[in-house]
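This is input30.cif (mmCIF, C-alpha atoms and all ligand atoms).
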```
data_work
#
loop_
_atom_site.group_PDB
_atom_site.id
_atom_site.type_symbol
_atom_site.label_atom_id
_atom_site.label_comp_id
_atom_site.auth_asym_id
_atom_site.auth_seq_id
_atom_site.Cartn_x
_atom_site.Cartn_y
_atom_site.Cartn_z
ATOM 1 C CA MET A 223 13.023 -27.843 -10.014
ATOM 2 C CA CYS A 224 9.665 -27.589 -8.275
ATOM 3 C CA ILE A 225 11.176 -28.615 -4.956
ATOM 4 C CA ARG A 226 13.966 -26.065 -5.418
ATOM 5 C CA LEU A 227 11.463 -23.347 -6.164
ATOM 6 C CA PHE A 228 9.385 -24.316 -3.166
ATOM 7 C CA THR A 229 12.451 -24.342 -0.908
ATOM 8 C CA ALA A 230 13.525 -20.920 -2.206
ATOM 9 C CA LEU A 231 10.071 -19.524 -1.486
ATOM 10 C CA LEU A 232 10.013 -21.059 1.979
ATOM 11 C CA VAL A 233 13.438 -19.645 2.793
ATOM 12 C CA CYS A 234 12.308 -16.237 1.568
ATOM 13 C CA LEU A 235 9.204 -16.320 3.724
ATOM 14 C CA LEU A 236 11.146 -17.468 6.769
ATOM 15 C CA PHE A 237 13.754 -14.790 6.294
ATOM 16 C CA PHE A 238 11.432 -12.009 5.227
ATOM 17 C CA PRO A 239 8.083 -12.590 6.911
ATOM 18 C CA SER A 240 6.646 -9.250 5.845
ATOM 19 C CA LEU A 241 7.293 -10.038 2.198
ATOM 20 C CA LEU A 242 3.674 -10.527 1.284
ATOM 21 C CA GLN A 243 2.368 -7.256 2.681
ATOM 22 C CA GLY A 244 2.068 -3.892 0.895
ATOM 23 C CA TRP A 245 3.867 -1.105 2.643
ATOM 24 C CA GLY A 246 4.607 -2.839 5.921
ATOM 25 C CA PHE A 247 1.770 -2.674 8.419
ATOM 26 C CA PHE A 248 3.678 0.070 10.239
ATOM 27 C CA ALA A 249 3.763 2.430 7.243
ATOM 28 C CA HIS A 250 0.162 1.732 6.172
ATOM 29 C CA ARG A 251 -1.052 2.647 9.651
ATOM 30 C CA ARG A 252 1.072 5.780 9.783
ATOM 31 C CA ILE A 253 -0.098 6.950 6.347
ATOM 32 C CA ASN A 254 -3.803 6.712 7.204
ATOM 33 C CA ARG A 255 -3.309 8.303 10.624
ATOM 34 C CA LEU A 256 -1.291 11.240 9.314
ATOM 35 C CA ALA A 257 -3.652 11.855 6.392
ATOM 36 C CA VAL A 258 -6.340 12.877 8.905
ATOM 37 C CA PHE A 259 -4.339 15.981 9.888
ATOM 38 C CA SER A 260 -4.426 17.339 6.334
ATOM 39 C CA LEU A 261 -8.239 17.400 6.263
ATOM 40 C CA PRO A 262 -10.298 20.604 6.521
ATOM 41 C CA PRO A 263 -12.039 21.273 9.895
ATOM 42 C CA GLU A 264 -15.455 20.128 8.569
ATOM 43 C CA MET A 265 -14.000 16.651 8.006
ATOM 44 C CA LEU A 266 -11.536 16.615 10.898
ATOM 45 C CA VAL A 267 -14.409 16.773 13.364
ATOM 46 C CA PHE A 268 -15.552 13.341 12.184
ATOM 47 C CA TYR A 269 -12.229 11.691 11.244
ATOM 48 C CA LYS A 270 -10.083 12.679 14.235
ATOM 49 C CA PRO A 271 -12.061 10.745 16.872
ATOM 50 C CA GLN A 272 -11.628 7.715 14.545
ATOM 51 C CA LEU A 273 -7.822 7.893 14.254
ATOM 52 C CA GLU A 274 -7.449 4.525 15.915
ATOM 53 C CA PHE A 275 -9.945 2.847 13.600
ATOM 54 C CA LEU A 276 -8.448 4.412 10.459
ATOM 55 C CA SER A 277 -4.923 3.335 11.313
ATOM 56 C CA THR A 278 -5.784 -0.158 12.579
ATOM 57 C CA HIS A 279 -7.955 -0.935 9.576
ATOM 58 C CA ALA A 280 -5.419 0.463 7.090
ATOM 59 C CA THR A 281 -4.115 -3.085 6.841
ATOM 60 C CA ASP A 282 -7.438 -4.882 6.298
ATOM 61 C CA PRO A 283 -6.953 -5.232 2.529
ATOM 62 C CA ASP A 284 -3.630 -7.033 3.110
ATOM 63 C CA LYS A 285 -5.239 -9.288 5.699
ATOM 64 C CA ARG A 286 -8.003 -10.082 3.216
ATOM 65 C CA ARG A 287 -5.471 -11.375 0.685
ATOM 66 C CA TYR A 288 -5.233 -14.561 2.704
ATOM 67 C CA ALA A 289 -8.975 -15.147 2.691
ATOM 68 C CA LEU A 290 -10.030 -13.953 -0.772
ATOM 69 C CA ALA A 291 -8.281 -14.822 -4.049
ATOM 70 C CA ALA A 292 -9.753 -11.787 -5.848
ATOM 71 C CA GLU A 293 -8.067 -9.435 -3.356
ATOM 72 C CA GLY A 294 -4.449 -9.929 -4.488
ATOM 73 C CA PRO A 295 -4.586 -8.144 -7.907
ATOM 74 C CA ARG A 296 -6.096 -5.011 -6.319
ATOM 75 C CA HIS A 297 -2.743 -4.180 -4.685
ATOM 76 C CA TYR A 298 -0.435 -3.871 -7.699
ATOM 77 C CA ILE A 299 -0.077 -3.503 -11.441
ATOM 78 C CA ASP A 300 2.787 -5.063 -13.389
ATOM 79 C CA ILE A 301 2.532 -2.217 -15.820
ATOM 80 C CA ASP A 302 5.821 -3.042 -17.553
ATOM 81 C CA HIS A 303 4.016 -6.089 -18.927
ATOM 82 C CA TYR A 304 2.284 -3.656 -21.299
ATOM 83 C CA GLY A 305 5.414 -1.975 -22.661
ATOM 84 C CA SER A 306 7.472 0.982 -21.463
ATOM 85 C CA PRO A 307 6.577 4.478 -20.146
ATOM 86 C CA PRO A 308 4.130 6.078 -20.757
ATOM 87 C CA PHE A 309 2.519 2.651 -21.369
ATOM 88 C CA ASP A 310 0.267 4.001 -24.095
ATOM 89 C CA SER A 311 -0.691 0.565 -25.365
ATOM 90 C CA LEU A 312 -2.676 -0.056 -22.162
ATOM 91 C CA PRO A 313 -6.090 1.641 -22.405
ATOM 92 C CA ARG A 314 -6.894 3.571 -19.222
ATOM 93 C CA SER A 315 -10.596 2.702 -19.255
ATOM 94 C CA TRP A 316 -11.478 -0.713 -17.815
ATOM 95 C CA GLU A 317 -13.828 -1.648 -20.661
ATOM 96 C CA ALA A 318 -11.313 -0.766 -23.366
ATOM 97 C CA ALA A 319 -8.509 -2.578 -21.499
ATOM 98 C CA VAL A 320 -10.662 -5.718 -21.113
ATOM 99 C CA ALA A 321 -11.534 -5.567 -24.816
ATOM 100 C CA ARG A 322 -7.868 -5.345 -25.720
ATOM 101 C CA TYR A 323 -6.276 -7.803 -23.263
ATOM 102 C CA THR A 324 -9.155 -9.847 -21.652
ATOM 103 C CA GLU A 325 -10.107 -9.593 -18.005
ATOM 104 C CA ASP A 326 -8.012 -12.653 -17.101
ATOM 105 C CA THR A 327 -4.846 -10.935 -18.314
ATOM 106 C CA LEU A 328 -5.674 -7.732 -16.446
ATOM 107 C CA GLN A 329 -6.346 -9.647 -13.233
ATOM 108 C CA GLN A 330 -3.159 -11.622 -13.673
ATOM 109 C CA HIS A 331 -1.031 -8.475 -13.891
ATOM 110 C CA GLY A 332 -2.894 -6.450 -11.280
ATOM 111 C CA ILE A 333 -5.731 -3.903 -11.334
ATOM 112 C CA LEU A 334 -4.623 -1.309 -8.757
ATOM 113 C CA PRO A 335 -5.469 1.971 -10.610
ATOM 114 C CA TRP A 336 -8.948 0.750 -11.561
ATOM 115 C CA HIS A 337 -9.571 -0.450 -8.031
ATOM 116 C CA ILE A 338 -8.692 2.989 -6.642
ATOM 117 C CA GLN A 339 -11.345 4.477 -8.925
ATOM 118 C CA ARG A 340 -13.911 1.898 -7.780
ATOM 119 C CA MET A 341 -13.161 2.633 -4.110
ATOM 120 C CA MET A 342 -13.490 6.378 -4.747
ATOM 121 C CA TYR A 343 -16.903 5.804 -6.283
ATOM 122 C CA ARG A 344 -18.008 3.724 -3.281
ATOM 123 C CA LEU A 345 -16.703 6.266 -0.789
ATOM 124 C CA THR A 346 -18.497 9.106 -2.595
ATOM 125 C CA CYS A 347 -21.761 7.091 -2.405
ATOM 126 C CA ALA A 348 -21.227 6.442 1.314
ATOM 127 C CA PHE A 349 -20.822 10.200 1.902
ATOM 128 C CA ARG A 350 -24.018 10.883 -0.076
ATOM 129 C CA GLU A 351 -25.868 8.340 2.061
ATOM 130 C CA LYS A 352 -24.253 9.715 5.247
ATOM 131 C CA ASP A 353 -23.422 6.127 6.197
ATOM 132 C CA ALA A 354 -20.772 6.718 8.867
ATOM 133 C CA GLY A 355 -19.693 3.072 9.153
ATOM 134 C CA ARG A 356 -19.172 2.699 5.405
ATOM 135 C CA ILE A 357 -17.391 6.058 5.168
ATOM 136 C CA LEU A 358 -14.858 4.932 7.750
ATOM 137 C CA GLN A 359 -14.355 1.434 6.410
ATOM 138 C CA LEU A 360 -13.973 2.642 2.817
ATOM 139 C CA SER A 361 -11.697 5.517 3.876
ATOM 140 C CA ALA A 362 -9.399 3.114 5.739
ATOM 141 C CA GLU A 363 -9.257 0.699 2.798
ATOM 142 C CA LEU A 364 -8.947 3.325 0.057
ATOM 143 C CA GLY A 365 -5.999 4.700 2.062
ATOM 144 C CA HIS A 366 -4.371 1.298 1.780
ATOM 145 C CA TYR A 367 -4.639 1.063 -2.010
ATOM 146 C CA LEU A 368 -3.459 4.648 -2.506
ATOM 147 C CA ALA A 369 -0.450 3.914 -0.331
ATOM 148 C CA ASP A 370 0.329 0.772 -2.353
ATOM 149 C CA ALA A 371 0.198 2.852 -5.545
ATOM 150 C CA HIS A 372 3.148 4.869 -4.185
ATOM 151 C CA VAL A 373 5.410 1.835 -3.827
ATOM 152 C CA PRO A 374 7.558 1.498 -6.961
ATOM 153 C CA LEU A 375 7.756 -2.289 -6.684
ATOM 154 C CA HIS A 376 3.938 -2.495 -6.711
ATOM 155 C CA ALA A 377 4.114 -1.218 -10.290
ATOM 156 C CA SER A 378 6.790 -3.611 -11.551
ATOM 157 C CA SER A 379 6.730 -7.269 -12.534
ATOM 158 C CA ASN A 380 10.111 -7.608 -10.778
ATOM 159 C CA HIS A 381 8.238 -6.873 -7.558
ATOM 160 C CA ASN A 382 10.559 -8.663 -5.187
ATOM 161 C CA GLY A 383 13.736 -8.533 -7.234
ATOM 162 C CA GLN A 384 13.084 -12.149 -8.198
ATOM 163 C CA LEU A 385 14.115 -11.477 -11.803
ATOM 164 C CA SER A 386 17.413 -9.839 -10.869
ATOM 165 C CA GLY A 387 18.687 -11.851 -7.871
ATOM 166 C CA GLN A 388 17.475 -9.257 -5.332
ATOM 167 C CA GLN A 389 14.895 -11.283 -3.419
ATOM 168 C CA GLY A 390 13.811 -9.444 -0.290
ATOM 169 C CA ILE A 391 14.139 -5.919 -1.738
ATOM 170 C CA HIS A 392 10.361 -5.428 -1.518
ATOM 171 C CA ALA A 393 10.291 -5.629 2.276
ATOM 172 C CA LEU A 394 13.584 -3.722 2.556
ATOM 173 C CA TRP A 395 12.082 -0.717 0.753
ATOM 174 C CA GLU A 396 8.589 -0.647 2.194
ATOM 175 C CA SER A 397 8.933 -2.200 5.658
ATOM 176 C CA ARG A 398 12.495 -2.182 6.904
ATOM 177 C CA ILE A 399 13.400 1.414 6.039
ATOM 178 C CA PRO A 400 10.169 3.025 7.362
ATOM 179 C CA GLU A 401 10.257 0.966 10.549
ATOM 180 C CA LEU A 402 13.870 1.914 11.190
ATOM 181 C CA ILE A 403 13.736 5.646 10.620
ATOM 182 C CA ALA A 404 10.345 7.074 9.634
ATOM 183 C CA ASP A 405 9.282 8.284 13.073
ATOM 184 C CA LYS A 406 12.776 9.558 13.872
ATOM 185 C CA GLU A 407 13.652 11.327 10.651
ATOM 186 C CA PHE A 408 10.775 11.781 8.227
ATOM 187 C CA ASN A 409 9.044 15.113 7.911
ATOM 188 C CA TYR A 410 5.412 14.044 7.841
ATOM 189 C CA TRP A 411 3.715 17.446 7.498
ATOM 190 C CA ASN A 412 2.287 17.898 4.031
ATOM 191 C CA GLY A 413 -0.124 20.813 4.061
ATOM 192 C CA ARG A 414 -3.792 20.661 3.184
ATOM 193 C CA ALA A 415 -5.724 18.087 1.186
ATOM 194 C CA MET A 416 -6.345 19.157 -2.410
ATOM 195 C CA TYR A 417 -9.304 18.547 -4.690
ATOM 196 C CA ILE A 418 -8.593 16.039 -7.470
ATOM 197 C CA SER A 419 -10.534 16.985 -10.560
ATOM 198 C CA ASP A 420 -9.888 13.770 -12.501
ATOM 199 C CA VAL A 421 -9.579 10.745 -10.218
ATOM 200 C CA ALA A 422 -9.046 8.299 -13.090
ATOM 201 C CA MET A 423 -6.136 10.268 -14.515
ATOM 202 C CA TYR A 424 -4.722 10.775 -11.016
ATOM 203 C CA SER A 425 -4.715 7.043 -10.249
ATOM 204 C CA TRP A 426 -2.762 6.394 -13.453
ATOM 205 C CA GLU A 427 -0.276 9.169 -12.690
ATOM 206 C CA LEU A 428 0.406 7.532 -9.325
ATOM 207 C CA VAL A 429 1.185 4.076 -10.684
ATOM 208 C CA ILE A 430 3.170 5.407 -13.646
ATOM 209 C CA SER A 431 5.366 7.534 -11.390
ATOM 210 C CA SER A 432 5.922 4.427 -9.257
ATOM 211 C CA ALA A 433 6.743 2.314 -12.301
ATOM 212 C CA ILE A 434 9.317 4.868 -13.449
ATOM 213 C CA ALA A 435 10.953 4.874 -9.979
ATOM 214 C CA ALA A 436 11.143 1.051 -9.863
ATOM 215 C CA ASP A 437 14.214 1.044 -12.079
ATOM 216 C CA THR A 438 16.101 3.280 -9.590
ATOM 217 C CA VAL A 439 14.939 1.157 -6.642
ATOM 218 C CA LEU A 440 16.352 -1.998 -8.225
ATOM 219 C CA ARG A 441 19.493 -0.525 -9.808
ATOM 220 C CA LEU A 442 20.726 1.236 -6.664
ATOM 221 C CA GLU A 443 20.235 -1.784 -4.403
ATOM 222 C CA LYS A 444 22.157 -3.927 -6.888
ATOM 223 C CA ALA A 445 25.021 -1.420 -6.869
ATOM 224 C CA LEU A 446 25.018 -1.154 -3.066
ATOM 225 C CA SER A 447 24.954 -4.931 -2.559
ATOM 226 C CA GLN A 448 28.206 -5.128 -4.491
ATOM 227 C CA ARG A 449 29.860 -2.877 -1.894
ATOM 228 C CA PHE A 450 28.522 -4.835 1.136
ATOM 229 C CA PRO A 451 29.518 -8.474 1.636
ATOM 230 C CA PRO A 452 26.526 -10.672 2.642
ATOM 231 C CA ALA A 453 27.692 -10.810 6.263
ATOM 232 C CA GLN A 454 27.270 -7.047 6.517
ATOM 233 C CA ARG A 455 24.057 -6.937 4.539
ATOM 234 C CA TYR A 456 22.037 -9.059 6.970
ATOM 235 C CA ALA A 457 21.647 -9.253 10.718
ATOM 236 C CA TRP A 458 19.771 -11.429 13.193
ATOM 237 C CA GLU A 459 17.361 -9.540 15.395
ATOM 238 C CA LYS A 460 14.779 -10.400 18.007
ATOM 239 C CA ARG A 461 11.317 -9.618 16.701
ATOM 240 C CA ASN A 462 8.198 -10.510 18.678
ATOM 241 C CA GLY A 463 10.385 -12.752 20.821
ATOM 242 C CA LYS A 464 11.752 -14.662 17.790
ATOM 243 C CA LEU A 465 15.193 -14.470 16.250
ATOM 244 C CA THR A 466 14.645 -13.195 12.701
ATOM 245 C CA ARG A 467 17.046 -12.553 9.846
ATOM 246 C CA ASN A 468 16.645 -9.120 8.345
ATOM 247 C CA TYR A 469 18.589 -6.493 6.445
ATOM 248 C CA ALA A 470 21.196 -4.887 8.709
ATOM 249 C CA ALA A 471 20.353 -1.374 9.874
ATOM 250 C CA ALA A 472 23.542 0.090 8.363
ATOM 251 C CA TYR A 473 22.749 -1.476 5.001
ATOM 252 C CA SER A 474 19.137 -0.290 5.071
ATOM 253 C CA LEU A 475 20.201 3.257 5.921
ATOM 254 C CA ALA A 476 22.892 3.306 3.248
ATOM 255 C CA TYR A 477 20.254 2.220 0.725
ATOM 256 C CA HIS A 478 17.845 4.912 1.867
ATOM 257 C CA ARG A 479 20.509 7.640 1.484
ATOM 258 C CA LEU A 480 21.602 6.304 -1.894
ATOM 259 C CA MET A 481 18.010 6.678 -3.129
ATOM 260 C CA ASN A 482 18.120 10.290 -1.946
ATOM 261 C CA ASN A 483 15.403 9.629 0.661
ATOM 262 C CA MET A 484 12.937 8.248 -1.874
ATOM 263 C CA VAL A 485 11.042 6.258 0.767
ATOM 264 C CA GLU A 486 10.351 9.446 2.707
ATOM 265 C CA ARG A 487 9.223 11.290 -0.426
ATOM 266 C CA ARG A 488 6.886 8.488 -1.490
ATOM 267 C CA MET A 489 5.460 8.139 2.020
ATOM 268 C CA ARG A 490 4.759 11.870 2.267
ATOM 269 C CA SER A 491 3.189 11.805 -1.140
ATOM 270 C CA ALA A 492 1.006 8.848 -0.068
ATOM 271 C CA ILE A 493 -0.204 10.758 3.000
ATOM 272 C CA ILE A 494 -1.358 13.758 0.983
ATOM 273 C CA ALA A 495 -2.881 11.498 -1.683
ATOM 274 C CA VAL A 496 -4.998 9.729 0.942
ATOM 275 C CA ALA A 497 -6.179 13.005 2.472
ATOM 276 C CA SER A 498 -6.904 14.467 -0.975
ATOM 277 C CA CYS A 499 -8.950 11.466 -2.105
ATOM 278 C CA TRP A 500 -11.032 11.439 1.096
ATOM 279 C CA TYR A 501 -11.582 15.177 0.631
ATOM 280 C CA THR A 502 -12.475 14.822 -3.063
ATOM 281 C CA ALA A 503 -15.061 12.107 -2.358
ATOM 282 C CA TRP A 504 -16.636 14.333 0.303
ATOM 283 C CA VAL A 505 -16.745 17.355 -2.041
ATOM 284 C CA ASP A 506 -18.185 15.279 -4.902
ATOM 285 C CA ALA A 507 -20.908 14.046 -2.539
ATOM 286 C CA GLY A 508 -21.941 17.675 -1.940
ATOM 287 C CA GLN A 509 -19.983 18.261 1.302
ATOM 288 C CA PRO A 510 -22.509 16.668 3.662
ATOM 289 C CA PRO A 511 -22.169 17.888 7.271
ATOM 290 C CA LEU A 512 -20.265 15.250 9.233
ATOM 291 C CA GLN A 513 -20.365 16.592 12.777
ATOM 292 C CA ASP A 514 -23.633 14.849 13.627
ATOM 293 C CA LEU A 515 -22.732 11.416 12.260
ATOM 294 C CA ALA A 516 -22.815 8.555 14.724
ATOM 295 C CA ARG A 517 -19.944 8.052 17.151
ATOM 296 C CA LYS A 518 -20.369 4.278 17.153
ATOM 297 C CA PRO A 519 -21.228 3.931 13.526
ATOM 298 C CA PHE A 520 -20.613 0.293 12.619
ATOM 299 C CA SER A 521 -23.431 -2.022 11.671
ATOM 300 C CA PRO A 522 -23.588 -5.511 13.239
ATOM 301 C CA GLU A 523 -22.657 -6.874 9.793
ATOM 302 C CA GLN A 524 -19.516 -4.715 9.658
ATOM 303 C CA GLU A 525 -18.553 -5.751 13.188
ATOM 304 C CA ARG A 526 -18.955 -9.379 12.145
ATOM 305 C CA GLN A 527 -16.765 -8.797 9.055
ATOM 306 C CA PHE A 528 -14.001 -7.160 11.103
ATOM 307 C CA LYS A 529 -13.953 -10.090 13.521
ATOM 308 C CA ALA A 530 -14.001 -12.694 10.744
ATOM 309 C CA LEU A 531 -11.150 -10.966 8.938
ATOM 310 C CA ASN A 532 -8.968 -10.889 12.030
ATOM 311 C CA LYS A 533 -9.724 -14.514 12.750
ATOM 312 C CA ALA A 534 -8.747 -15.548 9.204
ATOM 313 C CA TRP A 535 -5.603 -13.439 9.501
ATOM 314 C CA THR A 536 -4.440 -14.943 12.801
ATOM 315 C CA LYS A 537 -5.089 -18.430 11.421
ATOM 316 C CA ARG A 538 -3.332 -17.844 8.078
ATOM 317 C CA PRO A 539 -0.918 -20.637 7.136
ATOM 318 C CA SER A 540 2.237 -18.558 7.705
ATOM 319 C CA ALA A 541 1.153 -17.362 11.175
ATOM 320 C CA GLY A 542 2.616 -20.504 12.773
ATOM 321 C CA PRO A 543 1.459 -22.256 15.907
HETATM 322 ZN ZN ZN B 1 -1.434 -3.904 -0.158
#
```
Please go through the file and, once you have read it, give me the structure as structure tokens.
Ligand SMILES: [Zn+2]
Amino acid sequence: MCIRLFTALLVCLLFFPSLLQGWGFFAHRRINRLAVFSLPPEMLVFYKPQLEFLSTHATDPDKRRYALAAEGPRHYIDIDHYGSPPFDSLPRSWEAAVARYTEDTLQQHGILPWHIQRMMYRLTCAFREKDAGRILQLSAELGHYLADAHVPLHASSNHNGQLSGQQGIHALWESRIPELIADKEFNYWNGRAMYISDVAMYSWELVISSAIAADTVLRLEKALSQRFPPAQRYAWEKRNGKLTRNYAAAYSLAYHRLMNNMVERRMRSAIIAVASCWYTAWVDAGQPPLQDLARKPFSPEQERQFKALNKAWTKRPSAGP
């Protein structure tokens, strides 16, 4: 049984190499980059010259998952473990939830909404201290967690369809579809960032709306797979010089249309959420002027961390020779 499980996992990883990421790296980078354009001019003056940093480092939290065990639970919440919508049995405050379920249980089923609140607190402090390097690093990483909160399968215990015979659906939804069509078809413009008056409540609204959508994500793929024989569902493609098995483009597009463009809606919503949280942290810090902050703001310690993270990422076990 163990060997069979191991083989199944190995096959999954070989066939779907992006399985362990949040939104695929592509979408995470796009979301952070596009969020910048919804900021007010007082923030744009600081964020726009850092577009490259904010998009490249959008994926740092996923890279860290390979190096730090505590990182994994920050990216999801299996909220269905606690009942059904609106999940009233799960206290929204961390202390009350720990008292009710123990910290081990919370960590086991994911802590995403609480982690968003913690990152907002840290970003607000960084604005107050006018610490340009921390502002950028925390903005990039907060953007990642907010984007994850918009992925329905990050709020479901059936996160890769493993409970319903739909293994691979995670990467199909959050990597394959955006990579295939986002830049060609999605309308990315969202309007201006908005102030969020209750960040805690907002973070719960995000994951609950994702959890509610998870049922549609799973049900529609199941129905579609019954209309496509396996030979039409998958295709071999060259990716980074390697032949890789992936969902066929026609199948991915049919799935996207069947969900009534849900991936586009969730991605747009993620972009405005990221911009709004950056904006809210800045407002809560008293709107410090940003135009004079350093252009090369990173401390030697941050530079060392960025390098170490990339090194750990390129040497991760699944990276191959
Ligand atoms: Zn993630």
- Expressed in Å to a single decimal, how great is the separation between CA of Glu274 in chain A and CA of Ala362 in chain A? 10.5 Å
- Using all atoms listed in the file, the best pick from A:Pro308, A:Phe520, A:Ala470, A:Leu402 as closest to Trp458 in chain A would be A:Ala470
- Query: If you count all atoms listed in the file, which residues fall within 8 Å of Arg488 in chain A, apart from same-chain ones fewer than 4 positions away, as a ChimeraX atom specification?
  - Reply: /A:372-373,484,492
- Task: Would you kindly translate the PyMOL selection byres (((not hetatm)) within 9 of (chain B and resi 1)) into the concrete residues it picks from this file, as a list of chain:residue names?
- Result: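 Evaluating the PyMOL selection byres (((not hetatm)) within 9 of (chain B and resi 1)) on these coordinates yields A:Leu242, A:Gln243, A:Gly244, A:Trp245, A:Gly246, A:His250, A:Thr281, A:Asp282, A:Pro283, A:Asp284, A:Lys285, A:Arg287, A:Gly294, A:Arg296, A:His297, A:Tyr298, A:His366, A:Tyr367, A:Ala369, A:Asp370, A:Ala371, A:His376.
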Around range 247-251 of chain A, with edges along x, y and z and 6 Å added on all six sides, what centre and edge lengths do you get, in Å to one decimal, as lines of an AutoDock Vina configuration file?
```
center_x = 1.4
center_y = 0.0
center_z = 8.2
size_x = 16.8
size_y = 17.3
size_z = 16.1
```
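Closest to Arg251 in chain A among A:Val439, A:Leu385, A:Met489, A:Asn483 is A:Met489, based on all atoms listed in the file.
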Using all atoms listed in the file, what table do you get, as CSV, when you list each residue of range 236-330 of chain A with an atom no more than 12 Å from range 334-344 of chain A, its nearest pair of atoms, and their distance in Å rounded to one decimal, rows by chain then rising number?
```
residue,atom,partner,partner_atom,distance
A:Pro283,CA,A:His337,CA,11.9
A:Ala292,CA,A:His337,CA,11.5
A:Glu293,CA,A:His337,CA,10.2
A:Gly294,CA,A:Leu334,CA,9.6
A:Pro295,CA,A:Leu334,CA,6.9
A:Arg296,CA,A:Leu334,CA,4.7
A:His297,CA,A:Leu334,CA,5.3
A:Tyr298,CA,A:Leu334,CA,5.0
A:Ile299,CA,A:Leu334,CA,5.7
A:Asp300,CA,A:Leu334,CA,9.5
A:Ile301,CA,A:Leu334,CA,10.1
A:Pro313,CA,A:Trp336,CA,11.2
A:Arg314,CA,A:Trp336,CA,8.4
A:Ser315,CA,A:Trp336,CA,8.1
A:Trp316,CA,A:Trp336,CA,6.9
A:Glu317,CA,A:Trp336,CA,10.6
A:Ala319,CA,A:Trp336,CA,10.5
A:Val320,CA,A:Trp336,CA,11.7
A:Leu328,CA,A:Leu334,CA,10.1
A:Gln329,CA,A:Leu334,CA,9.6
A:Gln330,CA,A:Leu334,CA,11.5
```
- Item | Resolved residues for the PyMOL selection byres (((chain A and resi 356) around 9) and not hetatm) as a list in words |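 For this structure, the PyMOL selection byres (((chain A and resi 356) around 9) and not hetatm) resolves to Arg344, Leu345, Ala348, Phe349, Lys352, Asp353, Ala354, Gly355, Ile357, Leu358, Gln359, Leu360, Ser361, Pro519, Phe520, Ser521 and Gln524 of chain A.
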For the residues in the current selection, export C-alpha atoms as a PDB file, keeping the file's coordinate frame.
```
ATOM      1  CA  ARG A 344     -18.008   3.724  -3.281  1.00  0.00           C
ATOM      2  CA  LEU A 345     -16.703   6.266  -0.789  1.00  0.00           C
ATOM      3  CA  ALA A 348     -21.227   6.442   1.314  1.00  0.00           C
ATOM      4  CA  PHE A 349     -20.822  10.200   1.902  1.00  0.00           C
ATOM      5  CA  LYS A 352     -24.253   9.715   5.247  1.00  0.00           C
ATOM      6  CA  ASP A 353     -23.422   6.127   6.197  1.00  0.00           C
ATOM      7  CA  ALA A 354     -20.772   6.718   8.867  1.00  0.00           C
ATOM      8  CA  GLY A 355     -19.693   3.072   9.153  1.00  0.00           C
ATOM      9  CA  ILE A 357     -17.391   6.058   5.168  1.00  0.00           C
ATOM     10  CA  LEU A 358     -14.858   4.932   7.750  1.00  0.00           C
ATOM     11  CA  GLN A 359     -14.355   1.434   6.410  1.00  0.00           C
ATOM     12  CA  LEU A 360     -13.973   2.642   2.817  1.00  0.00           C
ATOM     13  CA  SER A 361     -11.697   5.517   3.876  1.00  0.00           C
ATOM     14  CA  PRO A 519     -21.228   3.931  13.526  1.00  0.00           C
ATOM     15  CA  PHE A 520     -20.613   0.293  12.619  1.00  0.00           C
ATOM     16  CA  SER A 521     -23.431  -2.022  11.671  1.00  0.00           C
ATOM     17  CA  GLN A 524     -19.516  -4.715   9.658  1.00  0.00           C
TER      18      GLN A 524
END
```
- Query: Nearest to Leu394 in chain A: which of A:Asp506, A:Glu427, A:Glu443, A:Asp302 is it, counting only C-alpha atoms?
  - Reply: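 Among the listed residues, A:Glu443 lies closest to Leu394 in chain A.
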- Task: Please indicate the distance in Å from CA of Trp395 in chain A to CA of Pro451 in chain A, rounded to one decimal place.
- Result: 19.1 Å
- Query: CA of Leu273 in chain A to CA of Leu531 in chain A: how many Å, to one decimal?
  - Reply: 19.9 Å
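Taking only C-alpha atoms into account, Ser378 in chain A lies nearest to A:Val429 out of the set A:Val429, A:Cys499, A:Ala476, A:Met423.
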- Task: For each of A:Ile391, A:Cys347, A:Val496, A:Leu312, take the minimum atom-to-atom distance to Gly508 in chain A, counting only C-alpha atoms, then give the residue where this is smallest.
- Result: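 Using only C-alpha atoms, the shortest distance to Gly508 in chain A belongs to A:Cys347.
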- Message: Using all atoms listed in the file, can you tell me which of A:Lys529, A:Arg252, A:Arg414, A:Lys444 comes closest to Ser386 in chain A?
- Response: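 Of A:Lys529, A:Arg252, A:Arg414, A:Lys444, the one nearest Ser386 in chain A is A:Lys444, counting all atoms listed in the file.
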- Query: Just so the selection is clear, what residues does the PyMOL selection byres (((chain A and resi 256-260) around 9) and not hetatm) cover here, as a list in words?
  - Reply: Arg251, Arg252, Ile253, Asn254, Arg255, Leu261, Pro262, Met265, Leu266, Tyr269, Lys270, Leu273, Leu276, Ser277, Gly365, Tyr410, Trp411, Asn412, Gly413, Arg414, Ala415, Ala492, Ile493, Ile494, Ala495, Val496, Ala497 and Ser498 of chain A
